[in-house]
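Pasted below: data_24.txt, compact mmCIF, C-alpha atoms.
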```txt
# COMPACT_ATOMS: atom_id res chain seq x y z
CA MET A 1 0.00 0.00 0.00
CA ALA A 2 2.97 2.29 -0.42
CA ASN A 3 2.08 5.53 -2.23
CA ALA A 4 -1.66 4.72 -2.04
CA PRO A 5 -4.12 7.66 -2.10
CA PHE A 6 -5.08 8.67 1.43
CA ASN A 7 -7.33 10.95 3.46
CA VAL A 8 -6.28 13.34 6.23
CA MET A 9 -8.29 13.63 9.43
CA ILE A 10 -8.16 16.20 12.20
CA VAL A 11 -10.60 16.74 15.07
CA GLY A 12 -12.38 20.09 15.27
CA GLN A 13 -14.36 21.42 18.23
CA ALA A 14 -15.67 24.66 19.64
CA GLY A 15 -12.96 26.86 21.14
CA ARG A 16 -9.25 26.57 20.44
CA LEU A 17 -9.39 23.52 18.16
CA GLN A 18 -11.62 25.16 15.53
CA TYR A 19 -9.07 27.93 14.97
CA GLU A 20 -6.16 25.49 14.90
CA ALA A 21 -8.15 23.41 12.40
CA LEU A 22 -8.45 26.43 10.13
CA LEU A 23 -4.71 27.09 10.31
CA PHE A 24 -4.01 23.43 9.59
CA ALA A 25 -6.31 23.45 6.55
CA ALA A 26 -4.78 26.66 5.22
CA SER A 27 -1.25 25.30 5.63
CA LEU A 28 -2.17 22.03 3.91
CA ARG A 29 -3.60 23.83 0.90
CA ARG A 30 -0.68 26.26 0.63
CA CYS A 31 2.20 23.83 1.16
CA SER A 32 0.83 20.59 -0.30
CA PRO A 33 -0.78 21.25 -3.70
CA GLY A 34 -0.07 17.63 -4.62
CA PHE A 35 -2.38 16.21 -1.94
CA THR A 36 -5.45 14.81 -3.71
CA GLY A 37 -7.24 13.07 -0.84
CA ARG A 38 -10.02 14.41 1.35
CA LEU A 39 -9.40 16.69 4.32
CA LEU A 40 -11.90 15.58 6.97
CA VAL A 41 -12.58 17.68 10.07
CA ALA A 42 -14.19 15.26 12.52
CA VAL A 43 -16.62 17.04 14.85
CA PRO A 44 -18.24 15.39 17.92
CA GLN A 45 -22.02 15.60 17.99
CA PRO A 46 -24.09 16.53 21.05
CA GLY A 47 -24.93 13.60 23.28
CA PRO A 48 -25.09 12.32 26.84
CA LEU A 49 -21.30 12.15 27.19
CA TRP A 50 -20.97 15.92 26.60
CA ASP A 51 -22.18 18.40 29.21
CA LYS A 52 -22.28 21.09 26.50
CA ASP A 53 -22.20 21.13 22.71
CA ALA A 54 -18.61 20.56 21.60
CA GLY A 55 -19.36 21.05 17.91
CA ILE A 56 -18.23 23.91 15.68
CA ARG A 57 -21.07 26.45 15.54
CA ASN A 58 -19.05 29.48 14.44
CA GLN A 59 -20.35 30.13 10.93
CA ASP A 60 -17.28 32.14 9.92
CA VAL A 61 -15.02 29.23 10.85
CA LEU A 62 -17.25 26.76 9.00
CA GLN A 63 -17.28 28.94 5.88
CA ALA A 64 -13.51 29.43 5.96
CA LEU A 65 -13.01 25.65 6.26
CA ALA A 66 -15.41 25.05 3.38
CA ASP A 67 -13.50 27.57 1.26
CA LEU A 68 -10.40 25.41 1.83
CA ASP A 69 -12.26 22.24 0.74
CA ALA A 70 -12.30 20.84 4.24
CA GLU A 71 -15.24 18.50 4.86
CA ILE A 72 -17.02 18.41 8.23
CA LEU A 73 -17.36 14.80 9.40
CA PRO A 74 -19.83 14.40 12.29
CA PHE A 75 -19.22 11.52 14.70
CA GLU A 76 -20.93 10.20 17.82
CA SER A 77 -19.14 9.88 21.17
CA GLN A 78 -20.11 6.45 22.50
CA VAL A 79 -17.30 5.88 25.01
CA PHE A 80 -15.26 8.95 26.02
CA GLY A 81 -16.78 12.40 25.44
CA ALA A 82 -16.04 15.17 27.93
CA ALA A 83 -14.52 12.78 30.48
CA TYR A 84 -11.59 12.08 28.15
CA PRO A 85 -11.63 14.37 25.09
CA TYR A 86 -8.37 12.84 23.80
CA GLY A 87 -10.59 9.87 22.99
CA ASN A 88 -12.11 11.88 20.14
CA LYS A 89 -9.21 10.91 17.89
CA ILE A 90 -10.04 7.25 18.59
CA GLU A 91 -13.82 7.37 18.13
CA ALA A 92 -13.65 9.68 15.10
CA LEU A 93 -11.73 7.02 13.15
CA LEU A 94 -14.89 4.92 13.06
CA ALA A 95 -16.63 7.62 10.98
CA LEU A 96 -13.98 7.56 8.23
CA PRO A 97 -14.47 5.63 4.97
CA GLU A 98 -13.68 1.94 5.40
CA GLY A 99 -10.66 0.63 3.54
CA GLU A 100 -9.28 4.06 2.60
CA PRO A 101 -5.81 4.78 4.05
CA PHE A 102 -5.70 7.67 6.50
CA VAL A 103 -3.30 10.00 8.26
CA PHE A 104 -4.45 11.61 11.50
CA PHE A 105 -2.95 14.88 12.74
CA ASP A 106 -3.60 16.84 15.91
CA THR A 107 -5.01 20.24 14.99
CA ASP A 108 -2.05 22.03 16.61
CA THR A 109 0.03 21.08 13.58
CA LEU A 110 1.16 23.00 10.49
CA ILE A 111 1.88 21.37 7.14
CA THR A 112 5.12 22.93 5.88
CA GLY A 113 5.93 20.77 2.83
CA GLU A 114 4.44 18.42 0.24
CA LEU A 115 2.48 15.75 2.09
CA ALA A 116 1.99 13.78 -1.13
CA GLU A 117 5.74 13.11 -1.23
CA VAL A 118 5.89 11.42 2.18
CA PRO A 119 6.68 7.71 1.54
CA PHE A 120 3.89 6.23 3.64
CA ASP A 121 3.60 2.44 3.67
CA PHE A 122 0.08 2.10 5.00
CA SER A 123 0.51 -1.64 5.53
CA ARG A 124 3.02 -0.74 8.26
CA PRO A 125 1.44 1.94 10.48
CA SER A 126 3.47 4.30 12.62
CA ALA A 127 3.17 7.51 14.64
CA SER A 128 5.13 10.49 15.89
CA LEU A 129 8.51 9.85 17.50
CA ARG A 130 8.71 13.45 18.71
CA VAL A 131 8.10 12.21 22.21
CA GLU A 132 9.53 12.37 25.71
CA GLY A 133 9.41 9.61 28.32
CA THR A 134 6.14 10.79 29.82
CA TRP A 135 4.74 7.33 30.60
CA PRO A 136 5.09 5.14 32.58
CA LYS A 137 6.68 6.48 35.75
CA PRO A 138 7.95 3.35 37.49
CA THR A 139 7.65 3.45 41.27
CA LEU A 140 10.38 2.65 43.77
CA TYR A 141 9.02 -0.82 44.49
CA GLY A 142 8.42 -1.81 40.87
CA PRO A 143 7.57 -3.10 38.41
CA GLY A 144 9.89 -1.26 36.04
CA TYR A 145 9.40 -0.26 32.42
CA ALA A 146 9.75 -3.83 31.14
CA GLY A 147 7.26 -5.26 33.62
CA ILE A 148 4.66 -2.58 32.89
CA TRP A 149 4.92 -2.77 29.11
CA ARG A 150 5.13 -6.58 29.05
CA ALA A 151 1.86 -6.77 30.99
CA LEU A 152 0.14 -4.66 28.32
CA TYR A 153 1.49 -6.72 25.43
CA ASP A 154 0.48 -9.92 27.23
CA ARG A 155 -3.05 -8.55 27.77
CA PHE A 156 -3.60 -8.42 24.00
CA GLY A 157 -1.58 -11.47 22.97
CA LEU A 158 1.20 -9.41 21.37
CA ASP A 159 4.88 -10.27 21.12
CA PHE A 160 6.63 -7.95 23.53
CA GLN A 161 10.20 -8.90 22.63
CA SER A 162 9.91 -7.88 18.97
CA SER A 163 8.74 -4.39 19.97
CA LEU A 164 11.97 -3.54 21.79
CA ASP A 165 14.78 -1.32 20.49
CA ILE A 166 17.65 -3.43 21.77
CA SER A 167 20.16 -0.67 20.94
CA GLN A 168 18.80 1.13 24.02
CA PRO A 169 19.66 -0.04 27.55
CA ASP A 170 17.31 -2.11 29.66
CA GLU A 171 14.90 -0.02 31.78
CA TYR A 172 15.51 3.12 29.69
CA TRP A 173 12.24 4.47 28.28
CA LYS A 174 13.43 4.60 24.67
CA ARG A 175 13.91 0.83 24.62
CA TYR A 176 10.13 0.42 24.70
CA LEU A 177 7.80 1.31 21.82
CA TYR A 178 6.27 4.69 22.63
CA PHE A 179 4.81 7.38 20.40
CA ASN A 180 3.34 10.84 20.57
CA ALA A 181 -0.23 10.62 19.25
CA GLY A 182 0.20 13.94 17.38
CA PHE A 183 0.09 11.97 14.14
CA PHE A 184 -0.48 8.36 13.22
CA TYR A 185 -1.56 6.53 10.10
CA GLY A 186 -2.86 3.21 8.88
CA ALA A 187 -4.48 1.25 6.07
CA CYS A 188 -8.10 1.21 7.24
CA PRO A 189 -9.54 3.66 9.78
CA GLN A 190 -12.37 1.30 10.68
CA ALA A 191 -10.06 -1.59 11.56
CA PHE A 192 -7.51 0.67 13.23
CA GLY A 193 -10.16 2.62 15.14
CA LYS A 194 -12.02 -0.47 16.37
CA ARG A 195 -8.85 -2.03 17.74
CA PHE A 196 -7.71 1.29 19.23
CA LEU A 197 -11.08 1.64 20.97
CA ASP A 198 -11.15 -1.98 22.19
CA PHE A 199 -7.62 -1.75 23.61
CA ALA A 200 -8.27 1.64 25.22
CA GLN A 201 -11.47 0.47 26.93
CA SER A 202 -9.76 -2.67 28.21
CA VAL A 203 -6.87 -0.74 29.74
CA ARG A 204 -9.09 2.01 31.14
CA ASN A 205 -11.75 -0.26 32.61
CA ASP A 206 -9.54 -3.13 33.80
CA PRO A 207 -5.87 -2.12 33.92
CA PRO A 208 -3.35 -4.89 34.53
CA PRO A 209 -2.11 -5.03 38.16
CA GLU A 210 1.30 -3.84 36.97
CA LEU A 211 -0.26 -0.44 36.18
CA VAL A 212 -1.14 0.30 39.81
CA GLY A 213 0.10 3.82 40.58
CA GLN A 214 0.33 4.78 36.89
CA SER A 215 -1.81 7.65 35.58
CA LEU A 216 -3.88 7.01 32.46
CA ASP A 217 -5.21 10.56 32.18
CA PRO A 218 -4.12 12.10 29.85
CA TRP A 219 -1.85 9.27 28.72
CA LEU A 220 -4.35 6.57 27.74
CA ASP A 221 -4.17 7.21 23.99
CA GLN A 222 -0.37 7.16 24.02
CA VAL A 223 -0.26 4.04 26.19
CA VAL A 224 -2.47 2.10 23.80
CA LEU A 225 -1.25 3.50 20.46
CA PRO A 226 2.05 1.51 20.39
CA LEU A 227 0.12 -1.68 21.06
CA VAL A 228 -2.28 -0.98 18.17
CA ILE A 229 0.54 -0.11 15.78
CA HIS A 230 2.55 -3.19 16.77
CA SER A 231 -0.53 -5.39 16.33
CA PHE A 232 -0.85 -4.23 12.70
CA GLY A 233 2.81 -4.93 11.94
CA GLY A 234 4.01 -1.33 12.21
CA GLY A 235 6.68 0.22 14.37
CA ARG A 236 9.17 2.98 15.02
CA ASP A 237 11.13 2.41 11.80
CA ALA A 238 8.17 2.27 9.39
CA LEU A 239 8.51 5.88 8.19
CA PRO A 240 11.84 7.41 7.14
CA ALA A 241 12.92 10.29 9.35
CA GLY A 242 12.82 13.89 8.22
CA TYR A 243 9.33 14.09 6.73
CA LEU A 244 6.67 14.35 9.44
CA ASP A 245 7.89 16.28 12.48
CA GLY A 246 10.51 17.47 10.00
CA GLY A 247 10.36 19.17 6.61
CA VAL A 248 6.68 18.38 5.93
CA SER A 249 4.87 18.93 9.24
CA CYS A 250 5.35 20.59 12.61
CA HIS A 251 3.38 19.67 15.74
CA TYR A 252 3.87 23.00 17.52
CA ARG A 253 1.30 22.33 20.30
CA LEU A 254 1.07 25.89 21.68
CA PHE A 255 1.76 29.20 19.98
CA PRO A 256 4.30 30.45 22.57
CA LEU A 257 6.25 27.20 22.12
CA LEU A 258 6.07 27.54 18.33
CA TYR A 259 7.73 30.94 18.44
CA ALA A 260 10.24 29.86 21.07
CA ARG A 261 11.62 26.75 19.46
CA GLU A 262 10.42 26.00 15.93
CA SER A 263 12.33 26.75 12.73
CA ASP A 264 12.14 29.95 10.71
CA ARG A 265 10.27 27.95 8.04
CA VAL A 266 7.47 27.09 10.48
CA VAL A 267 7.06 30.73 11.53
CA GLU A 268 7.12 31.78 7.88
CA VAL A 269 4.33 29.31 7.00
CA LEU A 270 2.26 30.41 9.98
CA HIS A 271 2.45 34.06 8.95
CA GLU A 272 1.80 33.31 5.27
CA VAL A 273 -1.33 31.24 5.84
CA ALA A 274 -2.69 33.61 8.50
CA ALA A 275 -2.25 36.69 6.30
CA PRO A 276 -5.21 36.62 3.85
CA ASN A 277 -7.97 38.91 5.08
CA ARG A 278 -10.68 36.26 4.83
CA ILE A 279 -8.71 34.05 7.23
CA LYS A 280 -7.36 36.86 9.40
CA LYS A 281 -10.83 38.13 10.30
CA VAL A 282 -11.75 34.66 11.58
CA LEU A 283 -8.52 33.88 13.42
CA LYS A 284 -8.62 37.18 15.29
CA GLY A 285 -11.53 35.71 17.21
CA TYR A 286 -9.03 33.60 19.16
CA GLU A 287 -7.00 35.68 21.61
CA PRO A 288 -3.66 33.77 21.52
CA ILE A 289 -3.53 33.97 17.71
CA LYS A 290 -4.57 37.62 17.77
CA ARG A 291 -1.84 38.52 20.28
CA MET A 292 0.92 36.17 19.12
CA VAL A 293 0.57 36.33 15.35
CA TYR A 294 -1.08 39.63 14.51
CA GLN A 295 0.07 41.90 17.35
CA GLY A 296 3.71 40.79 17.43
CA ARG A 297 3.90 39.08 20.81
CA GLY A 298 5.21 35.94 19.14
CA GLU A 299 8.27 37.75 17.79
CA LYS A 300 9.00 39.00 21.30
CA VAL A 301 8.90 35.40 22.55
CA ARG A 302 11.17 34.34 19.68
CA ALA A 303 13.75 36.95 20.63
CA LEU A 304 14.10 35.37 24.09
CA PHE A 305 15.62 32.13 22.79
CA ASP A 306 18.53 30.87 20.72
CA ARG A 307 17.13 28.01 18.61
CA GLU A 308 20.62 26.52 18.42
CA ASN A 309 20.92 26.39 22.20
CA LEU A 310 17.47 25.80 23.68
CA PRO A 311 16.96 24.57 27.24
CA ARG A 312 16.85 20.77 27.29
CA ARG A 313 13.59 20.64 29.21
CA GLU A 314 10.37 22.10 27.83
CA GLN A 315 9.39 23.26 31.31
CA ALA A 316 12.36 25.64 31.35
CA ILE A 317 11.13 27.18 28.07
CA ARG A 318 7.64 27.57 29.48
CA ASN A 319 8.94 29.13 32.69
CA ARG A 320 10.99 31.73 30.79
CA ILE A 321 8.01 32.72 28.65
CA LYS A 322 5.79 32.96 31.73
CA SER A 323 8.33 35.06 33.61
CA GLU A 324 8.28 37.57 30.73
CA GLY A 325 4.46 37.68 30.80
CA PHE A 326 4.01 36.21 27.32
CA TRP A 327 2.42 32.83 28.10
CA MET A 328 -0.95 32.17 26.44
CA ARG A 329 -2.92 29.03 25.58
```
Exercise: express the given structure as C-alpha cells:
Amino acid sequence: MANAPFNVMIVGQAGRLQYEALLFAASLRRCSPGFTGRLLVAVPQPGPLWDKDAGIRNQDVLQALADLDAEILPFESQVFGAAYPYGNKIEALLALPEGEPFVFFDTDTLITGELAEVPFDFSRPSASLRVEGTWPKPTLYGPGYAGIWRALYDRFGLDFQSSLDISQPDEYWKRYLYFNAGFFYGACPQAFGKRFLDFAQSVRNDPPPELVGQSLDPWLDQVVLPLVIHSFGGGRDALPAGYLDGGVSCHYRLFPLLYARESDRVVEVLHEVAAPNRIKKVLKGYEPIKRMVYQGRGEKVRALFDRENLPRREQAIRNRIKSEGFWMR
C-alpha cells in the first residue's frame, strides 16, 4: 500500500481547536498542492457524554473551512466524550471511509511541505517519534518499564520482545515502543479505530495489576497507540525520518512554544497562511492567535531564545516565557 491515495483527518471542536483546524487546513492547501485526498474535520455531535455542545457552531469558521475544501465529518461519542476528550481521535476514526488509508494529525500542527511526497507504507502503520518519556513512571518498588509494558502486550496477545529497540539499555524508556499521538496513520480507519477503541477500553476499565500507581489521564491514547501499531505490523522504523515532524509537518502544540523553538520555516508558514484577510478576520476571534501572530507578541517570545541552544527541558522554556508575561494558551 505504499504511495496509495489517502485521506487526512483532524478533530475540530468549539474553542481553540476550531481555529487550529483552520490554520491546519490553510497550511495544507498552501504547502501541499499535490495532496489529492479528502481533508476531513471530525466534529463530535451533542450527546449524553458531553455536558455542553462541543461542535463547531461558528459560521465564519465553517465557511472558511469550506473555502479550503475541508469536509465536516460528524461523529458520535459512544465511550469517552467530555470525560476524556483525547478519545475523540479514537472514536472519530470509526466515521472515516472503510478501507481508505488515512493520516491523523492533531489540529495544533502546520503542514510545511508536500504531504503527497511522504513515503507512507500504510501496511506498516506508525506515529510520531517526537516524544519524551512521559509514561510510565515506574515506582520505587516496581515493576519497572519492562514489567509494565510486558503486561500490556500480554493482555492483547502481542509479542513484547519484537517491539523492543535493543540498541537502548534495559529499563531506559526509549527501549520500549512509545509514540506521541500527534500523528499516526494506517491502512483502514475502521479496523484501526475499532482495535484502538477496544484496547483503550480494556486498559481504562480493567488495567493490569502492573499499572497500579500509573496515571492514564491524559496518557491513555499514548499508552495504547504503540500496542495498536505493533498489532498491525508497524513500528518505530516504518517511516523514514525527516518528513513528518521534519520538513513536511510541525506539531507545535502551543503558539508560545512555536515561536520559542520552531524553525524559521514554520514561523514563515504560519504568517503566510494567517495573512489573507478572509482568514485573518476569523482567526482574530481567538485571543492567543490575535496577540501572538497579529500583534507581534510571538516575535518577542522568539527573541528570548537561541534556537541553536534551547533549554533541554520544555518546562524551562515555558517558565521563561511565563516570567516575561508572554504565556498564552
- request: Counting only C-alpha atoms, select every polymer residue within 12 Å of (3.8, 21.3, 0.0) as defined in the file's coordinates, and provide the selection as a PyMOL selection string.
  value: chain A and resi 26-36+110-118+243+247-249+269
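In terms of minimum interatomic distance to Asn7 (chain A), A:Glu98 ranks closest within A:Glu98, A:Glu91, A:Asp51, A:Asp60, counting all atoms listed in the file.
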Point (-12.0, 2.5, 30.2), cut-off 12 Å, counting only C-alpha atoms, residues as a VMD selection string: chain A and resid 78 to 81 83 to 84 87 196 to 207 216 to 217 220 to 221 224
For those residues, write C-alpha atoms to a file as a CSV table (one decimal), in the frame of the given file.
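Result written to result-v3.csv:
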```
chain,number,residue,atom,x,y,z
A,78,GLN,CA,-20.1,6.4,22.5
A,79,VAL,CA,-17.3,5.9,25.0
A,80,PHE,CA,-15.3,9.0,26.0
A,81,GLY,CA,-16.8,12.4,25.4
A,83,ALA,CA,-14.5,12.8,30.5
A,84,TYR,CA,-11.6,12.1,28.2
A,87,GLY,CA,-10.6,9.9,23.0
A,196,PHE,CA,-7.7,1.3,19.2
A,197,LEU,CA,-11.1,1.6,21.0
A,198,ASP,CA,-11.2,-2.0,22.2
A,199,PHE,CA,-7.6,-1.8,23.6
A,200,ALA,CA,-8.3,1.6,25.2
A,201,GLN,CA,-11.5,0.5,26.9
A,202,SER,CA,-9.8,-2.7,28.2
A,203,VAL,CA,-6.9,-0.7,29.7
A,204,ARG,CA,-9.1,2.0,31.1
A,205,ASN,CA,-11.8,-0.3,32.6
A,206,ASP,CA,-9.5,-3.1,33.8
A,207,PRO,CA,-5.9,-2.1,33.9
A,216,LEU,CA,-3.9,7.0,32.5
A,217,ASP,CA,-5.2,10.6,32.2
A,220,LEU,CA,-4.4,6.6,27.7
A,221,ASP,CA,-4.2,7.2,24.0
A,224,VAL,CA,-2.5,2.1,23.8
```
Using all atoms listed in the file, the best pick from A:Leu310, A:Ile317, A:Ile279, A:Leu239 as closest to Pro256 (chain A) would be A:Ile317
Practice prompt. Extract, using all atoms listed in the file, all DNA, RNA and protein residues at most 10 Å from Glu210 (chain A), discarding same-chain residues fewer than 6 positions from it, and format them as a PyMOL selection string.
Written response: chain A and resi 138+142-145+147-152
Test item: axis-aligned box, all listed atoms of region 213-221 of chain A, 3 Å on each side, centre and edges in Å rounded to one decimal, as AutoDock Vina command-line options:
```
--center_x -2.4 --center_y 8.0 --center_z 32.3 --size_x 11.5 --size_y 14.3 --size_z 22.6
```
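Using all atoms listed in the file, the nearest neighbour of Pro101 (chain A) within the list A:Arg195, A:Lys89, A:Arg124, A:Arg155 is A:Arg124.
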Q) Could you work out how far CA of Arg16 (chain A) lies from CA of Lys52 (chain A), giving the answer in Å with one decimal? A)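 Computing it gives 15.4 Å between the two atoms.
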Missing atoms in region 104-115 of chain A: can you complete it with all heavy atoms, as a PDB file, in the frame of the given file?
```
ATOM      1  N   PHE A 104      -3.874  10.721  10.495  1.00  0.00           N
ATOM      2  CA  PHE A 104      -4.450  11.610  11.500  1.00  0.00           C
ATOM      3  C   PHE A 104      -3.393  12.595  11.969  1.00  0.00           C
ATOM      4  O   PHE A 104      -2.242  12.217  12.199  1.00  0.00           O
ATOM      5  CB  PHE A 104      -4.960  10.816  12.709  1.00  0.00           C
ATOM      6  CG  PHE A 104      -5.227  11.695  13.908  1.00  0.00           C
ATOM      7  CD1 PHE A 104      -6.430  12.388  14.015  1.00  0.00           C
ATOM      8  CD2 PHE A 104      -4.261  11.883  14.889  1.00  0.00           C
ATOM      9  CE1 PHE A 104      -6.661  13.235  15.097  1.00  0.00           C
ATOM     10  CE2 PHE A 104      -4.494  12.720  15.971  1.00  0.00           C
ATOM     11  CZ  PHE A 104      -5.696  13.404  16.071  1.00  0.00           C
ATOM     12  N   PHE A 105      -3.796  13.867  12.124  1.00  0.00           N
ATOM     13  CA  PHE A 105      -2.950  14.880  12.740  1.00  0.00           C
ATOM     14  C   PHE A 105      -3.714  15.582  13.855  1.00  0.00           C
ATOM     15  O   PHE A 105      -4.917  15.858  13.720  1.00  0.00           O
ATOM     16  CB  PHE A 105      -2.537  15.968  11.723  1.00  0.00           C
ATOM     17  CG  PHE A 105      -1.555  15.535  10.677  1.00  0.00           C
ATOM     18  CD1 PHE A 105      -1.996  15.165   9.410  1.00  0.00           C
ATOM     19  CD2 PHE A 105      -0.197  15.512  10.946  1.00  0.00           C
ATOM     20  CE1 PHE A 105      -1.092  14.785   8.420  1.00  0.00           C
ATOM     21  CE2 PHE A 105       0.715  15.125   9.962  1.00  0.00           C
ATOM     22  CZ  PHE A 105       0.270  14.764   8.708  1.00  0.00           C
ATOM     23  N   ASP A 106      -3.033  15.897  14.953  1.00  0.00           N
ATOM     24  CA  ASP A 106      -3.600  16.840  15.910  1.00  0.00           C
ATOM     25  C   ASP A 106      -3.762  18.186  15.220  1.00  0.00           C
ATOM     26  O   ASP A 106      -2.962  18.558  14.344  1.00  0.00           O
ATOM     27  CB  ASP A 106      -2.668  16.994  17.121  1.00  0.00           C
ATOM     28  CG  ASP A 106      -2.914  15.936  18.188  1.00  0.00           C
ATOM     29  OD1 ASP A 106      -3.980  15.283  18.165  1.00  0.00           O
ATOM     30  OD2 ASP A 106      -2.042  15.779  19.065  1.00  0.00           O
ATOM     31  N   THR A 107      -4.774  18.948  15.640  1.00  0.00           N
ATOM     32  CA  THR A 107      -5.010  20.240  14.990  1.00  0.00           C
ATOM     33  C   THR A 107      -3.880  21.224  15.222  1.00  0.00           C
ATOM     34  O   THR A 107      -3.660  22.118  14.397  1.00  0.00           O
ATOM     35  CB  THR A 107      -6.315  20.885  15.492  1.00  0.00           C
ATOM     36  OG1 THR A 107      -6.319  20.896  16.919  1.00  0.00           O
ATOM     37  CG2 THR A 107      -7.527  20.157  14.974  1.00  0.00           C
ATOM     38  N   ASP A 108      -3.142  21.089  16.332  1.00  0.00           N
ATOM     39  CA  ASP A 108      -2.050  22.030  16.610  1.00  0.00           C
ATOM     40  C   ASP A 108      -0.800  21.627  15.823  1.00  0.00           C
ATOM     41  O   ASP A 108       0.291  21.456  16.371  1.00  0.00           O
ATOM     42  CB  ASP A 108      -1.771  22.120  18.117  1.00  0.00           C
ATOM     43  CG  ASP A 108      -1.620  20.776  18.793  1.00  0.00           C
ATOM     44  OD1 ASP A 108      -1.731  19.730  18.106  1.00  0.00           O
ATOM     45  OD2 ASP A 108      -1.391  20.748  20.016  1.00  0.00           O
ATOM     46  N   THR A 109      -1.003  21.498  14.531  1.00  0.00           N
ATOM     47  CA  THR A 109       0.030  21.080  13.580  1.00  0.00           C
ATOM     48  C   THR A 109      -0.046  21.997  12.361  1.00  0.00           C
ATOM     49  O   THR A 109      -1.137  22.419  11.961  1.00  0.00           O
ATOM     50  CB  THR A 109      -0.209  19.624  13.133  1.00  0.00           C
ATOM     51  OG1 THR A 109      -0.161  18.758  14.268  1.00  0.00           O
ATOM     52  CG2 THR A 109       0.825  19.168  12.106  1.00  0.00           C
ATOM     53  N   LEU A 110       1.100  22.305  11.776  1.00  0.00           N
ATOM     54  CA  LEU A 110       1.160  23.000  10.490  1.00  0.00           C
ATOM     55  C   LEU A 110       1.803  22.082   9.461  1.00  0.00           C
ATOM     56  O   LEU A 110       2.788  21.399   9.760  1.00  0.00           O
ATOM     57  CB  LEU A 110       1.976  24.288  10.598  1.00  0.00           C
ATOM     58  CG  LEU A 110       1.370  25.450  11.382  1.00  0.00           C
ATOM     59  CD1 LEU A 110       2.383  26.566  11.533  1.00  0.00           C
ATOM     60  CD2 LEU A 110       0.093  25.962  10.718  1.00  0.00           C
ATOM     61  N   ILE A 111       1.234  22.054   8.260  1.00  0.00           N
ATOM     62  CA  ILE A 111       1.880  21.370   7.140  1.00  0.00           C
ATOM     63  C   ILE A 111       2.826  22.374   6.486  1.00  0.00           C
ATOM     64  O   ILE A 111       2.416  23.482   6.124  1.00  0.00           O
ATOM     65  CB  ILE A 111       0.838  20.865   6.132  1.00  0.00           C
ATOM     66  CG1 ILE A 111      -0.110  19.879   6.815  1.00  0.00           C
ATOM     67  CG2 ILE A 111       1.526  20.209   4.942  1.00  0.00           C
ATOM     68  CD1 ILE A 111       0.558  18.669   7.428  1.00  0.00           C
ATOM     69  N   THR A 112       4.085  22.000   6.358  1.00  0.00           N
ATOM     70  CA  THR A 112       5.120  22.930   5.880  1.00  0.00           C
ATOM     71  C   THR A 112       5.792  22.452   4.596  1.00  0.00           C
ATOM     72  O   THR A 112       6.713  23.099   4.102  1.00  0.00           O
ATOM     73  CB  THR A 112       6.185  23.124   6.972  1.00  0.00           C
ATOM     74  OG1 THR A 112       6.711  21.836   7.338  1.00  0.00           O
ATOM     75  CG2 THR A 112       5.591  23.781   8.207  1.00  0.00           C
ATOM     76  N   GLY A 113       5.343  21.310   4.054  1.00  0.00           N
ATOM     77  CA  GLY A 113       5.930  20.770   2.830  1.00  0.00           C
ATOM     78  C   GLY A 113       4.903  19.911   2.116  1.00  0.00           C
ATOM     79  O   GLY A 113       3.732  19.857   2.497  1.00  0.00           O
ATOM     80  N   GLU A 114       5.350  19.207   1.084  1.00  0.00           N
ATOM     81  CA  GLU A 114       4.440  18.420   0.240  1.00  0.00           C
ATOM     82  C   GLU A 114       4.122  17.075   0.886  1.00  0.00           C
ATOM     83  O   GLU A 114       4.938  16.145   0.886  1.00  0.00           O
ATOM     84  CB  GLU A 114       5.059  18.220  -1.142  1.00  0.00           C
ATOM     85  CG  GLU A 114       4.173  17.455  -2.113  1.00  0.00           C
ATOM     86  CD  GLU A 114       2.774  18.045  -2.202  1.00  0.00           C
ATOM     87  OE1 GLU A 114       2.599  19.088  -2.877  1.00  0.00           O
ATOM     88  OE2 GLU A 114       1.862  17.446  -1.602  1.00  0.00           O
ATOM     89  N   LEU A 115       2.909  16.972   1.409  1.00  0.00           N
ATOM     90  CA  LEU A 115       2.480  15.750   2.090  1.00  0.00           C
ATOM     91  C   LEU A 115       2.408  14.573   1.123  1.00  0.00           C
ATOM     92  O   LEU A 115       2.631  13.419   1.520  1.00  0.00           O
ATOM     93  CB  LEU A 115       1.114  15.996   2.743  1.00  0.00           C
ATOM     94  CG  LEU A 115       0.613  14.978   3.756  1.00  0.00           C
ATOM     95  CD1 LEU A 115       1.561  14.857   4.936  1.00  0.00           C
ATOM     96  CD2 LEU A 115      -0.791  15.356   4.238  1.00  0.00           C
TER      97      LEU A 115
END
```
